[in-house]
>>> print(open('start-v7.cif').read())   # mmCIF, C-alpha atoms
data_input
loop_
_atom_site.label_atom_id
_atom_site.label_comp_id
_atom_site.auth_asym_id
_atom_site.auth_seq_id
_atom_site.Cartn_x
_atom_site.Cartn_y
_atom_site.Cartn_z
CA MET B 9 145.35 127.38 80.98
CA LYS B 10 142.32 129.44 80.08
CA VAL B 11 139.34 128.31 82.07
CA PRO B 12 136.12 128.18 80.06
CA GLU B 13 133.03 129.69 81.53
CA GLU B 14 131.19 126.73 82.87
CA PRO B 15 127.55 126.61 83.76
CA VAL B 16 127.12 126.03 87.45
CA SER B 17 123.54 124.89 87.47
CA ALA B 18 123.91 121.80 89.56
CA ALA B 19 127.05 122.62 91.49
CA SER B 20 127.18 123.45 95.16
CA PHE B 21 128.96 126.50 96.43
CA GLU B 22 131.49 124.32 98.20
CA ASP B 23 132.37 122.39 95.03
CA LEU B 24 132.95 125.62 93.13
CA ALA B 25 134.57 127.79 95.74
CA LEU B 26 136.90 125.49 97.61
CA PRO B 27 139.22 124.67 94.68
CA LEU B 28 139.94 128.40 94.39
CA PHE B 29 141.15 128.65 97.96
CA ASP B 30 144.91 128.53 97.40
CA GLN B 31 144.96 130.97 94.54
CA LEU B 32 142.57 133.38 96.27
CA TYR B 33 144.82 133.38 99.29
CA ASN B 34 147.94 134.00 97.18
CA PHE B 35 146.18 136.90 95.48
CA ALA B 36 144.90 138.30 98.78
CA ARG B 37 148.36 138.08 100.30
CA TRP B 38 149.87 139.95 97.36
CA LEU B 39 147.24 142.66 97.64
CA THR B 40 147.42 143.17 101.38
CA GLN B 41 151.13 142.43 101.89
CA ASP B 42 150.16 141.05 105.28
CA THR B 43 149.33 137.54 106.45
CA ALA B 44 146.62 138.38 108.97
CA GLU B 45 144.90 140.80 106.64
CA ALA B 46 145.04 138.29 103.81
CA GLU B 47 143.43 135.65 106.02
CA ASP B 48 140.65 138.03 107.02
CA LEU B 49 140.16 139.03 103.43
CA VAL B 50 139.82 135.44 102.22
CA GLN B 51 137.45 134.63 105.06
CA GLU B 52 135.37 137.71 104.24
CA THR B 53 135.33 136.77 100.57
CA TYR B 54 133.97 133.30 101.26
CA THR B 55 131.38 134.62 103.70
CA LYS B 56 130.15 137.25 101.24
CA ALA B 57 130.20 134.85 98.33
CA LEU B 58 128.24 132.23 100.24
CA ARG B 59 125.66 134.84 101.22
CA GLY B 60 125.42 136.12 97.65
CA PHE B 61 125.53 132.75 95.95
CA SER B 62 121.80 132.63 95.33
CA SER B 63 122.12 135.85 93.34
CA PHE B 64 125.07 134.55 91.35
CA GLN B 65 124.08 134.55 87.69
CA LEU B 66 124.07 131.16 86.07
CA GLY B 67 126.38 130.95 83.10
CA THR B 68 128.63 133.75 84.24
CA ASN B 69 132.18 133.18 85.29
CA PHE B 70 132.36 131.97 88.87
CA ARG B 71 136.09 132.49 89.26
CA ALA B 72 135.91 136.10 88.07
CA TRP B 73 132.97 136.60 90.43
CA MET B 74 134.97 135.34 93.43
CA TYR B 75 137.99 137.45 92.57
CA ARG B 76 135.79 140.49 92.15
CA ILE B 77 134.32 139.98 95.61
CA LEU B 78 137.81 139.59 97.07
CA ARG B 79 139.11 142.65 95.29
CA ASN B 80 136.12 144.83 96.20
CA SER B 81 136.47 143.77 99.82
CA PHE B 82 140.12 144.68 99.68
CA LEU B 83 139.45 148.07 98.11
CA SER B 84 136.99 148.95 100.85
CA SER B 85 139.35 147.80 103.61
CA ARG B 86 141.54 150.28 105.40
CA THR B 87 144.68 149.02 103.67
CA GLY B 88 142.91 149.00 100.33
CA LEU B 89 141.76 152.59 100.68
CA ARG B 90 145.26 153.63 101.63
CA THR B 91 147.18 151.81 98.93
CA THR B 92 144.99 152.27 95.92
CA VAL B 93 146.23 154.78 93.44
CA THR B 94 144.39 155.74 90.32
CA ILE B 95 146.08 155.60 86.97
CA ASP B 96 145.66 158.76 84.95
CA GLY B 97 145.04 158.92 81.24
CA GLU B 98 144.79 155.19 80.95
CA ALA B 99 142.19 155.12 78.20
CA ASP B 100 144.26 157.41 75.98
CA GLU B 101 147.39 155.39 76.27
CA ASN B 102 148.99 154.99 72.89
CA LEU B 103 150.86 151.74 72.93
CA LEU B 104 152.88 152.61 69.83
CA ALA B 105 154.41 155.60 71.54
CA ALA B 106 155.94 153.57 74.31
CA GLU B 107 156.96 150.58 72.34
CA SER B 108 160.52 150.82 71.15
CA SER B 109 162.08 148.93 74.00
CA THR B 110 165.36 147.24 73.30
CA PRO B 111 165.53 143.51 73.96
CA GLU B 112 166.48 143.01 77.54
CA SER B 113 167.45 139.42 77.83
CA ILE B 114 170.42 140.38 79.98
CA LEU B 115 168.09 142.06 82.41
CA ILE B 116 165.88 139.00 82.48
CA GLU B 117 168.78 136.64 83.00
CA GLN B 118 169.82 138.56 86.06
CA ALA B 119 166.38 138.89 87.55
CA ASP B 120 166.02 136.09 90.05
CA ARG B 121 162.77 135.09 91.65
CA GLU B 122 163.34 137.18 94.74
CA THR B 123 164.10 140.35 92.81
CA VAL B 124 160.96 139.92 90.74
CA GLN B 125 158.95 139.38 93.91
CA GLN B 126 160.34 142.57 95.42
CA ALA B 127 159.56 144.50 92.27
CA LEU B 128 156.01 143.08 92.11
CA ALA B 129 155.41 144.05 95.71
CA GLU B 130 156.54 147.61 94.98
CA LEU B 131 154.29 148.08 91.96
CA PRO B 132 151.12 150.11 92.46
CA VAL B 133 148.18 147.84 93.24
CA PRO B 134 146.43 148.23 89.84
CA PHE B 135 149.60 147.07 88.08
CA ARG B 136 150.36 144.33 90.56
CA GLU B 137 146.89 142.85 90.47
CA ILE B 138 146.54 142.82 86.70
CA LEU B 139 149.91 141.10 86.29
CA LEU B 140 148.94 138.47 88.84
CA LEU B 141 145.57 137.86 87.21
CA CYS B 142 147.14 137.54 83.77
CA GLU B 143 150.36 135.65 84.45
CA VAL B 144 149.70 133.72 87.65
CA GLU B 145 145.97 133.08 87.43
CA GLU B 146 146.23 132.86 83.65
CA MET B 147 142.94 134.64 83.21
CA SER B 148 141.76 135.66 79.76
CA TYR B 149 141.35 139.35 78.99
CA LEU B 150 137.61 138.83 79.27
CA GLU B 151 137.91 137.31 82.74
CA ILE B 152 140.22 140.12 83.82
CA SER B 153 137.78 142.68 82.50
CA GLU B 154 134.98 141.02 84.50
CA THR B 155 137.09 140.81 87.63
CA LEU B 156 138.33 144.39 87.55
CA ALA B 157 135.12 145.79 85.99
CA ILE B 158 137.00 147.58 83.21
CA PRO B 159 136.66 147.36 79.41
CA ILE B 160 138.90 144.95 77.51
CA GLY B 161 140.73 147.86 75.87
CA THR B 162 141.67 149.11 79.29
CA VAL B 163 142.80 145.60 80.27
CA MET B 164 145.23 145.64 77.34
CA SER B 165 146.60 149.11 77.93
CA ARG B 166 146.91 148.59 81.68
CA LEU B 167 148.67 145.28 81.16
CA PHE B 168 151.08 146.96 78.78
CA ARG B 169 151.84 149.69 81.26
CA ALA B 170 152.14 147.25 84.14
CA ARG B 171 154.66 145.16 82.23
CA LYS B 172 156.66 148.24 81.35
CA ALA B 173 156.58 149.46 84.95
CA LEU B 174 157.80 146.07 86.13
CA ARG B 175 160.64 146.06 83.60
CA ASP B 176 161.69 149.57 84.63
CA LEU B 177 161.65 148.61 88.27
CA LEU B 178 163.64 145.45 87.63
CA ARG B 179 166.21 147.34 85.64
CA GLU B 180 166.57 149.82 88.49
CA LYS B 181 166.95 147.05 91.05
CA ILE B 182 169.53 145.14 89.07
CA LYS B 183 171.60 148.24 88.34
CA GLY B 184 171.31 149.31 91.96
CA GLY B 185 172.42 145.84 93.05
CA ARG B 186 175.43 145.99 90.78
CA HIS B 187 176.52 149.39 92.08
CA GLY B 188 176.13 148.15 95.59
CA VAL B 189 178.65 145.33 95.12
CA MET V 13 157.26 145.81 68.43
CA ALA V 14 160.82 146.47 67.51
CA CYS V 15 160.49 146.45 63.77
CA GLU V 16 159.01 149.06 61.53
CA HIS V 17 157.65 146.96 58.73
CA TRP V 18 155.19 145.08 60.89
CA SER V 19 153.71 148.36 62.07
CA ASP V 20 153.66 149.59 58.47
CA LYS V 21 151.95 146.46 57.30
CA GLN V 22 149.29 146.82 59.94
CA GLY V 23 148.83 150.54 59.44
CA ALA V 24 149.70 153.21 61.94
CA ASP V 25 146.34 152.93 63.71
CA LYS V 26 147.02 149.39 64.87
CA GLN V 27 148.48 149.06 68.29
CA SER V 28 151.12 146.62 67.23
CA ALA V 29 152.95 146.44 70.53
CA GLY V 30 149.70 145.56 72.23
CA GLN V 31 149.13 143.06 69.48
CA LEU V 32 152.31 141.16 70.22
CA SER V 33 151.31 140.99 73.90
CA ALA V 34 147.83 139.83 72.95
CA TYR V 35 149.43 137.22 70.69
CA LEU V 36 151.60 135.92 73.52
CA ASP V 37 148.65 136.02 75.93
CA GLY V 38 146.70 133.84 73.51
CA GLU V 39 144.15 136.54 72.84
CA LEU V 40 144.41 137.04 69.07
CA ASP V 41 141.90 135.43 66.76
CA PRO V 42 143.29 132.61 64.57
CA ALA V 43 143.72 134.78 61.46
CA GLU V 44 145.67 137.54 63.23
CA SER V 45 147.58 134.99 65.20
CA GLY V 46 148.63 133.18 62.01
CA MET V 47 149.86 136.39 60.40
CA LEU V 48 151.84 137.48 63.40
CA GLY V 49 153.27 134.00 63.86
CA ALA V 50 154.48 134.01 60.25
CA HIS V 51 156.05 137.43 60.75
CA LEU V 52 157.91 136.27 63.84
CA ARG V 53 159.51 133.46 61.87
CA GLU V 54 160.91 136.00 59.39
CA CYS V 55 161.87 138.91 61.61
CA ALA V 56 164.70 138.43 64.09
CA ALA V 57 164.04 141.72 65.88
CA CYS V 58 160.40 140.90 66.58
CA ALA V 59 161.29 137.33 67.52
CA ALA V 60 163.79 138.61 70.09
CA ASP V 61 161.14 140.96 71.42
CA ALA V 62 158.65 138.13 71.69
CA LEU V 63 161.18 135.90 73.42
CA GLU V 64 161.88 138.58 75.99
CA GLN V 65 158.18 139.04 76.69
CA VAL V 66 157.67 135.32 77.09
CA GLN V 67 160.56 135.20 79.53
CA MET V 68 159.08 138.07 81.50
CA LYS V 69 155.73 136.34 81.62
CA ARG V 70 157.38 133.22 82.95
CA LEU V 71 159.35 135.18 85.54
CA VAL V 72 156.22 136.85 86.87
CA GLN V 73 154.39 133.56 86.89
CA MET V 74 157.08 131.91 88.97
CA ALA V 75 157.52 134.85 91.29
CA GLY V 76 153.78 135.33 91.68
CA LYS V 77 153.13 131.86 93.05
CA ARG V 78 154.54 132.80 96.35
CA TYR V 79 152.19 132.45 99.29
CA SER V 80 150.35 129.49 100.70
CA ALA V 81 147.68 129.69 103.32
CA SER V 82 147.87 128.04 106.70
CA PRO V 83 146.02 124.75 107.12
CA GLU V 84 144.04 126.43 109.92
CA LEU V 85 142.57 128.97 107.51
CA ARG V 86 141.68 126.26 105.07
CA ASN V 87 139.99 124.23 107.80
CA ARG V 88 138.13 127.27 109.06
CA ILE V 89 136.79 128.13 105.65
CA THR V 90 136.00 124.55 104.75
CA ARG V 91 134.01 124.28 107.94
CA SER V 92 132.19 127.53 107.41
CA ILE V 93 131.00 126.59 103.94
CA ALA V 94 130.72 122.83 104.34
CA ALA V 95 127.52 121.16 103.20
CA LYS V 96 126.03 124.49 102.22
CA PRO V 97 123.71 125.29 99.34
CA ARG V 98 122.93 123.20 96.39
CA ARG V 99 121.93 126.04 94.22
CA GLN V 100 118.41 124.94 93.43
CA ALA V 101 117.65 124.36 97.04
CA GLY V 102 118.85 127.80 98.04
CA TRP V 103 116.01 128.76 100.32
CA HIS V 104 116.24 125.53 102.23
CA TRP V 105 119.93 125.87 102.93
CA GLN V 106 119.71 129.48 103.88
CA ILE V 107 117.67 128.30 106.81
CA LEU V 108 120.72 126.35 107.92
CA ALA V 109 123.00 129.30 107.33
CA VAL V 110 121.09 131.52 109.71
CA PRO V 111 119.53 129.05 112.10
CA ALA V 112 119.61 131.38 115.06
CA LEU V 113 117.54 134.11 113.44
CA LEU V 114 115.02 131.81 111.85
CA LEU V 115 114.62 129.66 114.90
CA LEU V 116 113.88 132.82 116.82
CA ILE V 117 111.25 133.87 114.28
CA ILE V 118 109.75 130.40 114.27
CA SER V 119 109.73 130.34 118.03
CA GLN V 120 107.76 133.59 117.98
CA ALA V 121 105.26 132.05 115.60
CA VAL V 122 104.99 128.97 117.75
CA THR V 123 103.98 131.17 120.69
CA PHE V 124 100.78 132.00 118.87
CA TYR V 125 99.92 128.55 117.68
CA VAL V 126 101.09 126.01 120.16
CA GLY V 127 101.07 127.83 123.43
CA ARG V 128 103.55 128.95 125.98
CA ASP V 129 105.09 125.71 127.17
CA ALA V 130 105.92 124.60 123.69
CA ALA V 131 107.33 128.03 123.01
CA ARG V 132 109.52 127.81 126.06
CA ARG V 133 110.77 124.44 124.90
CA GLN V 134 111.38 125.82 121.46
CA ARG V 135 113.31 128.70 122.98
CA VAL V 136 115.70 126.37 124.77
CA TYR V 137 116.15 124.35 121.60
CA SER V 138 116.71 127.42 119.48
CA GLU V 139 119.26 128.71 121.96
CA LEU V 140 121.04 125.38 121.81
CA ALA V 141 120.87 125.33 118.02
CA ASP V 142 122.29 128.83 118.14
CA LEU V 143 125.16 127.72 120.40
CA HIS V 144 125.80 124.74 118.14
CA ALA V 145 125.85 126.82 114.94
CA SER V 146 127.89 129.68 116.34
CA ALA V 147 130.49 127.29 117.78
CA LEU V 148 130.93 125.60 114.41
CA ALA V 149 131.18 128.96 112.65
CA SER V 150 133.79 130.15 115.12
CA ALA V 151 137.48 130.19 114.32
CA THR V 152 138.01 128.01 117.38
CA PRO V 153 134.98 125.76 117.80
CA VAL V 154 136.60 123.98 120.72
CA ASP V 155 138.92 125.23 123.45
CA VAL V 156 140.27 121.82 124.30
CA VAL V 157 141.16 119.99 121.13
CA SER V 158 141.42 116.27 121.70
CA THR V 159 139.89 113.02 120.60
CA ASP V 160 140.75 111.51 123.97
CA ARG V 161 137.96 111.59 126.52
CA HIS V 162 140.58 111.30 129.27
CA THR V 163 141.99 114.65 128.15
CA VAL V 164 138.71 116.42 127.52
CA LYS V 165 136.90 115.47 130.70
CA PRO V 166 139.62 116.68 133.16
CA TRP V 167 139.94 119.93 131.18
CA PHE V 168 136.51 120.98 132.49
CA GLN V 169 137.58 120.57 136.15
CA GLY V 170 137.30 123.91 137.92
CA LYS V 171 135.58 125.47 134.91
CA ILE V 172 132.09 124.08 135.48
CA PRO V 173 130.42 123.17 138.79
CA PHE V 174 129.83 119.48 138.02
CA SER V 175 131.51 116.42 136.53
CA PHE V 176 130.35 113.93 133.94
CA ASN V 177 131.44 110.76 132.18
CA LEU V 178 132.21 110.44 128.49
CA PRO V 179 131.74 107.24 126.53
CA GLU V 180 134.35 105.03 124.93
CA LEU V 181 133.91 105.53 121.17
CA GLN V 182 135.98 102.61 119.96
CA GLY V 183 133.96 100.68 117.40
CA SER V 184 131.42 103.47 116.91
CA GLU V 185 131.18 105.94 114.03
CA PHE V 186 131.70 108.90 116.33
CA THR V 187 134.88 110.85 116.98
CA LEU V 188 135.33 113.34 119.77
CA LEU V 189 136.73 116.65 118.45
CA GLY V 190 136.96 118.50 121.75
CA GLY V 191 135.04 120.73 124.08
CA ARG V 192 134.38 124.22 125.36
CA VAL V 193 132.61 125.89 128.25
CA THR V 194 129.22 127.31 127.31
CA TYR V 195 126.35 129.11 129.01
CA LEU V 196 122.60 128.64 129.01
CA ALA V 197 120.28 130.68 131.21
CA GLN V 198 123.36 132.30 132.79
CA ALA V 199 124.61 128.90 133.97
CA PRO V 200 127.87 127.30 132.82
CA GLY V 201 127.85 123.94 131.12
CA ALA V 202 129.94 121.67 128.94
CA HIS V 203 129.75 121.79 125.17
CA LEU V 204 131.33 118.77 123.46
CA ILE V 205 131.64 118.41 119.72
CA TYR V 206 131.56 115.00 118.09
CA GLN V 207 131.98 114.15 114.47
CA VAL V 208 130.14 111.52 112.50
CA ARG V 209 130.73 111.20 108.74
CA LYS V 210 131.98 114.79 108.50
CA HIS V 211 128.98 116.16 110.36
CA GLU V 212 129.45 117.82 113.70
CA VAL V 213 127.12 117.00 116.53
CA SER V 214 127.01 119.03 119.73
CA VAL V 215 126.47 117.54 123.16
CA PHE V 216 125.47 120.02 125.86
CA ILE V 217 125.53 119.13 129.54
CA PHE V 218 123.98 121.42 132.17
CA GLN V 219 122.80 121.06 135.73
CA ASP V 220 119.16 120.05 135.57
CA ARG V 221 118.10 122.59 138.21
CA ILE V 222 118.78 125.57 135.92
CA PHE V 223 115.66 124.59 133.99
CA GLY V 224 113.54 125.38 137.07
CA ASP V 225 111.00 123.44 139.08
CA ARG V 226 108.89 122.96 136.03
CA GLY V 227 111.80 121.63 134.06
CA GLU V 228 109.83 118.75 132.68
CA GLU V 229 107.42 121.18 131.15
CA THR V 230 110.04 123.53 129.89
CA VAL V 231 112.03 120.86 128.18
CA SER V 232 110.33 117.55 128.29
CA SER V 233 112.61 114.57 128.57
CA SER V 234 111.83 112.91 125.34
CA SER V 235 112.16 109.26 124.58
CA GLY V 236 113.58 109.93 121.11
CA PRO V 237 115.00 112.72 118.96
CA VAL V 238 112.80 115.72 118.23
CA SER V 239 113.16 117.55 114.96
CA VAL V 240 113.59 121.30 115.30
CA LEU V 241 113.70 122.70 111.78
CA SER V 242 116.76 121.10 110.22
CA PHE V 243 118.23 119.98 113.51
CA ASN V 244 117.51 116.87 115.46
CA VAL V 245 117.61 117.26 119.20
CA GLU V 246 117.45 114.66 121.93
CA ASN V 247 117.54 115.40 125.63
CA TRP V 248 117.35 113.50 128.89
CA THR V 249 118.12 113.87 132.56
CA GLN V 250 120.62 111.64 134.28
CA GLY V 251 122.25 112.03 137.69
CA GLY V 252 121.02 115.61 138.12
CA LEU V 253 122.41 116.61 134.76
CA ARG V 254 120.47 117.52 131.65
CA TYR V 255 121.96 116.29 128.39
CA PHE V 256 121.15 117.65 124.93
CA VAL V 257 122.39 116.17 121.67
CA VAL V 258 121.99 118.58 118.73
CA GLY V 259 123.00 118.19 115.10
CA ASP V 260 121.89 118.20 111.49
CA VAL V 261 122.49 114.47 111.16
CA ALA V 262 119.79 111.80 110.96
CA ALA V 263 117.71 111.06 114.02
CA ASN V 264 119.21 107.59 114.41
CA ASP V 265 122.72 109.10 114.66
CA ILE V 266 121.51 111.45 117.39
CA ASP V 267 119.91 108.44 119.06
CA ALA V 268 123.09 106.36 118.78
CA LEU V 269 125.27 109.06 120.34
CA SER V 270 122.69 109.64 123.08
CA LYS V 271 122.74 105.96 123.91
CA LEU V 272 126.55 105.93 124.12
CA LEU V 273 126.43 108.88 126.50
CA ARG V 274 123.73 107.33 128.68
CA ASP V 275 125.67 104.11 128.92
CA ALA V 276 128.82 105.93 129.99
CA HIS V 277 127.46 106.17 133.51
#
>>> encode(input="start-v7.cif", output="structure tokens")
Amino acid sequence: MKVPEEPVSAASFEDLALPLFDQLYNFARWLTQDTAEAEDLVQETYTKALRGFSSFQLGTNFRAWMYRILRNSFLSSRTGLRTTVTIDGEADENLLAAESSTPESILIEQADRETVQQALAELPVPFREILLLCEVEEMSYLEISETLAIPIGTVMSRLFRARKALRDLLREKIKGGRHGV
Amino acid sequence: MACEHWSDKQGADKQSAGQLSAYLDGELDPAESGMLGAHLRECAACAADALEQVQMKRLVQMAGKRYSASPELRNRITRSIAAKPRRQAGWHWQILAVPALLLLIISQAVTFYVGRDAARRQRVYSELADLHASALASATPVDVVSTDRHTVKPWFQGKIPFSFNLPELQGSEFTLLGGRVTYLAQAPGAHLIYQVRKHEVSVFIFQDRIFGDRGEETVSSSSGPVSVLSFNVENWTQGGLRYFVVGDVAANDIDALSKLLRDAH
């Protein structure tokens, strides 16, 4: 479901922000990997958003705005500063070069929910967050680019790399699991 | 993509692997989408690739919906943003969001215009409005959580140096949410929170003597609710205790709750 950018002229902050609560918490919990920190982060997000609501631009995407506040708060938190890694050479990424992956339906059949969750949790934050925004929040590339403050081209290349990193990690986990038995 | 001829067709400068992802993410324009869709119907290799990517997307989607927040967090946040700004009325609601600060500023202004007694009265009201707002913004607005007056009243025993009666609320619009110990002018008192139509109303009870010999001047016992900015406040003295009812509800609600409390004696 791609959410259209709706004008928010007559809406109250509560009407707009409260429906996002569950998904913001899920996202915060994935970022922080900790319940208490996620709760603080969500609380902080709502407080900041409420304070900044009068400066929120009409006609811009409210959801992307909320996620951006949450993410920026996370990045400036102690955990955020510690866990964030930069991705080198992202803009130059040539997608053709990395493409010839063999179909991996066997891998996918063996990847249960728990294994995927472990792999997601182990991904670097920039990969984890973009996968969550795209697959779980079902954001459009434009929304993702607004949320992460990166160009759409970078959204595409980072998504590609994130998906590849997840596949590699899954393959590793499943092979490792098999050897372990 | 797995097959060569799609890449060839698109030219080497096209990022065809990214294009398949964009197609599956619903990001291609209709023309490109149509072409790629047609290709997938012809090419088994690309179709297998697409299937795998769709499966991966679904896996991540299922795995990603993992955590749900506690009801406490939801309540806390709902409370902290409840009944806040309609966008057009931003300035008005910001007054509610920072009542303590603004009441303080207003109370300074009042000193100049209305004189000292009124300012003193305003100061007590602004402190009470402050206590009311900060309690509601707190993660734990009440320390004893109960709708039963027979639970809440005994909870205060030994915590404050006086006792009081609470009204039976059956048949009224009010619900008791609970209570906490609070302080005004370095003296302990009871802070009770009631709810009426999703609005919280604070009832403060202190010993009357903490307001000094000139208590009547400091906080005049009014016959009806007084409006202090967005809050309505009513106060009276009864049995050596000073009662204040503070909330952002209509004056007649404040009046109704005050009456219930007075009649509890």
>>> atom_distance(input="start-v7.cif", atom1="CA of Tyr54 in chain B", atom2="CA of Ser80 in chain V")
16.8 Å
>>> residues_near_point(input="start-v7.cif", point="(142.7, 128.5, 96.6)", cutoff="12 Å", atoms="only C-alpha atoms", output="ChimeraX atom specification")
/B:24-37,47,50-51,53-54,71,74-75,145 /V:77,79-83,85-86,89-90
>>> closest_residue(input="start-v7.cif", among="B:Arg79, B:Arg121, B:Arg86, B:Arg59", to="chain V", atoms="all atoms listed in the file")
B:Arg121
>>> closest_residue(input="start-v7.cif", among="V:Leu269, V:Lys171, V:Ala263, V:Arg133", to="Phe223 in chain V", atoms="all atoms listed in the file")
V:Arg133
>>> closest_residue(input="start-v7.cif", among="V:Glu44, V:Pro173, V:Glu54, V:Met74", to="chain B", atoms="only C-alpha atoms")
V:Met74
>>> resolve_selection(input="start-v7.cif", expression="the PyMOL selection byres ((chain B and resi 125-127) around 10)", output="PyMOL selection string")
(chain B and resi 38+119-124+128-131+136+173-181) or (chain V and resi 71-72+74-78)
>>> resolve_selection(input="start-v7.cif", expression="the PyMOL selection byres ((chain B and resi 156) around 12)", output="PyMOL selection string")
chain B and resi 72-80+83+133-135+137-138+141-142+147+149-155+157-160+162-163+166
>>> residues_around(input="start-v7.cif", residues="His203 in chain V", least_positions_apart="5", cutoff="9 Å", atoms="only C-alpha atoms", output="number ranges by chain")
V: 143-144, 154, 190-195, 214-217
>>> resolve_selection(input="start-v7.cif", expression="the PyMOL selection byres ((chain V and resi 251-254) around 7)", output="list in words")
Ile217, Phe218, Gln219, Asp220, Trp248, Thr249, Gln250, Tyr255 and Phe256 of chain V
>>> atom_distance(input="start-v7.cif", atom1="CA of Val258 in chain V", atom2="CA of Glu212 in chain V")
9.0 Å
>>> closest_residue(input="start-v7.cif", among="V:Leu140, V:Leu189, V:Leu52, V:Ile266", to="Val164 in chain V", atoms="all atoms listed in the file")
V:Leu189
>>> closest_residue(input="start-v7.cif", among="B:Ile116, B:Gly161, B:Lys172, B:Phe82", to="chain V", atoms="all atoms listed in the file")
B:Ile116
>>> closest_residue(input="start-v7.cif", among="B:Asp23, B:Leu89, B:Gly184, B:Val144", to="chain V", atoms="only C-alpha atoms")
B:Val144
>>> atom_distance(input="start-v7.cif", atom1="CA of Arg90 in chain B", atom2="CA of Leu39 in chain B")
11.8 Å
>>> residues_around(input="start-v7.cif", residues="Gly38 in chain V", least_positions_apart="5", cutoff="9 Å", atoms="all atoms listed in the file", output="ChimeraX atom specification")
/B:148 /V:33,45
>>> axis_aligned_box(input="start-v7.cif", around="range 146-150 of chain B", padding_each_side="8 Å", output="JSON")
{"center_x": 141.9, "center_y": 136.1, "center_z": 81.3, "size_x": 24.6, "size_y": 22.5, "size_z": 20.7}
>>> decode(input="start-v7.cif", residues="range 146-157 of chain V", atoms="N, CA and C atoms", output="mmCIF file, in the first residue's frame")
data_model
loop_
_atom_site.group_PDB
_atom_site.id
_atom_site.type_symbol
_atom_site.label_atom_id
_atom_site.label_comp_id
_atom_site.auth_asym_id
_atom_site.auth_seq_id
_atom_site.Cartn_x
_atom_site.Cartn_y
_atom_site.Cartn_z
ATOM 1 N N SER V 146 1.911 19.278 34.747
ATOM 2 C CA SER V 146 3.082 18.399 34.826
ATOM 3 C C SER V 146 2.686 16.994 35.258
ATOM 4 N N ALA V 147 1.641 16.890 36.110
ATOM 5 C CA ALA V 147 1.176 15.552 36.502
ATOM 6 C C ALA V 147 0.652 14.797 35.288
ATOM 7 N N LEU V 148 -0.130 15.501 34.458
ATOM 8 C CA LEU V 148 -0.720 14.830 33.297
ATOM 9 C C LEU V 148 0.338 14.460 32.268
ATOM 10 N N ALA V 149 1.406 15.253 32.215
ATOM 11 C CA ALA V 149 2.471 14.963 31.246
ATOM 12 C C ALA V 149 3.391 13.864 31.744
ATOM 13 N N SER V 150 3.292 13.561 33.050
ATOM 14 C CA SER V 150 4.199 12.577 33.635
ATOM 15 C C SER V 150 3.854 11.160 33.179
ATOM 16 N N ALA V 151 4.855 10.301 33.231
ATOM 17 C CA ALA V 151 4.637 8.904 32.873
ATOM 18 C C ALA V 151 3.677 8.256 33.870
ATOM 19 N N THR V 152 3.702 8.708 35.095
ATOM 20 C CA THR V 152 2.810 8.171 36.122
ATOM 21 C C THR V 152 2.077 9.341 36.784
ATOM 22 N N PRO V 153 0.971 9.745 36.172
ATOM 23 C CA PRO V 153 0.235 10.901 36.707
ATOM 24 C C PRO V 153 -0.262 10.676 38.135
ATOM 25 N N VAL V 154 -0.579 9.420 38.440
ATOM 26 C CA VAL V 154 -1.060 9.137 39.786
ATOM 27 C C VAL V 154 -0.238 8.009 40.395
ATOM 28 N N ASP V 155 -0.058 8.098 41.731
ATOM 29 C CA ASP V 155 0.704 7.054 42.428
ATOM 30 C C ASP V 155 -0.217 5.983 42.968
ATOM 31 N N VAL V 156 -1.454 6.338 43.238
ATOM 32 C CA VAL V 156 -2.429 5.313 43.585
ATOM 33 C C VAL V 156 -3.478 5.314 42.472
ATOM 34 N N VAL V 157 -3.507 4.211 41.758
ATOM 35 C CA VAL V 157 -4.397 4.127 40.601
ATOM 36 C C VAL V 157 -5.650 3.373 41.012
#
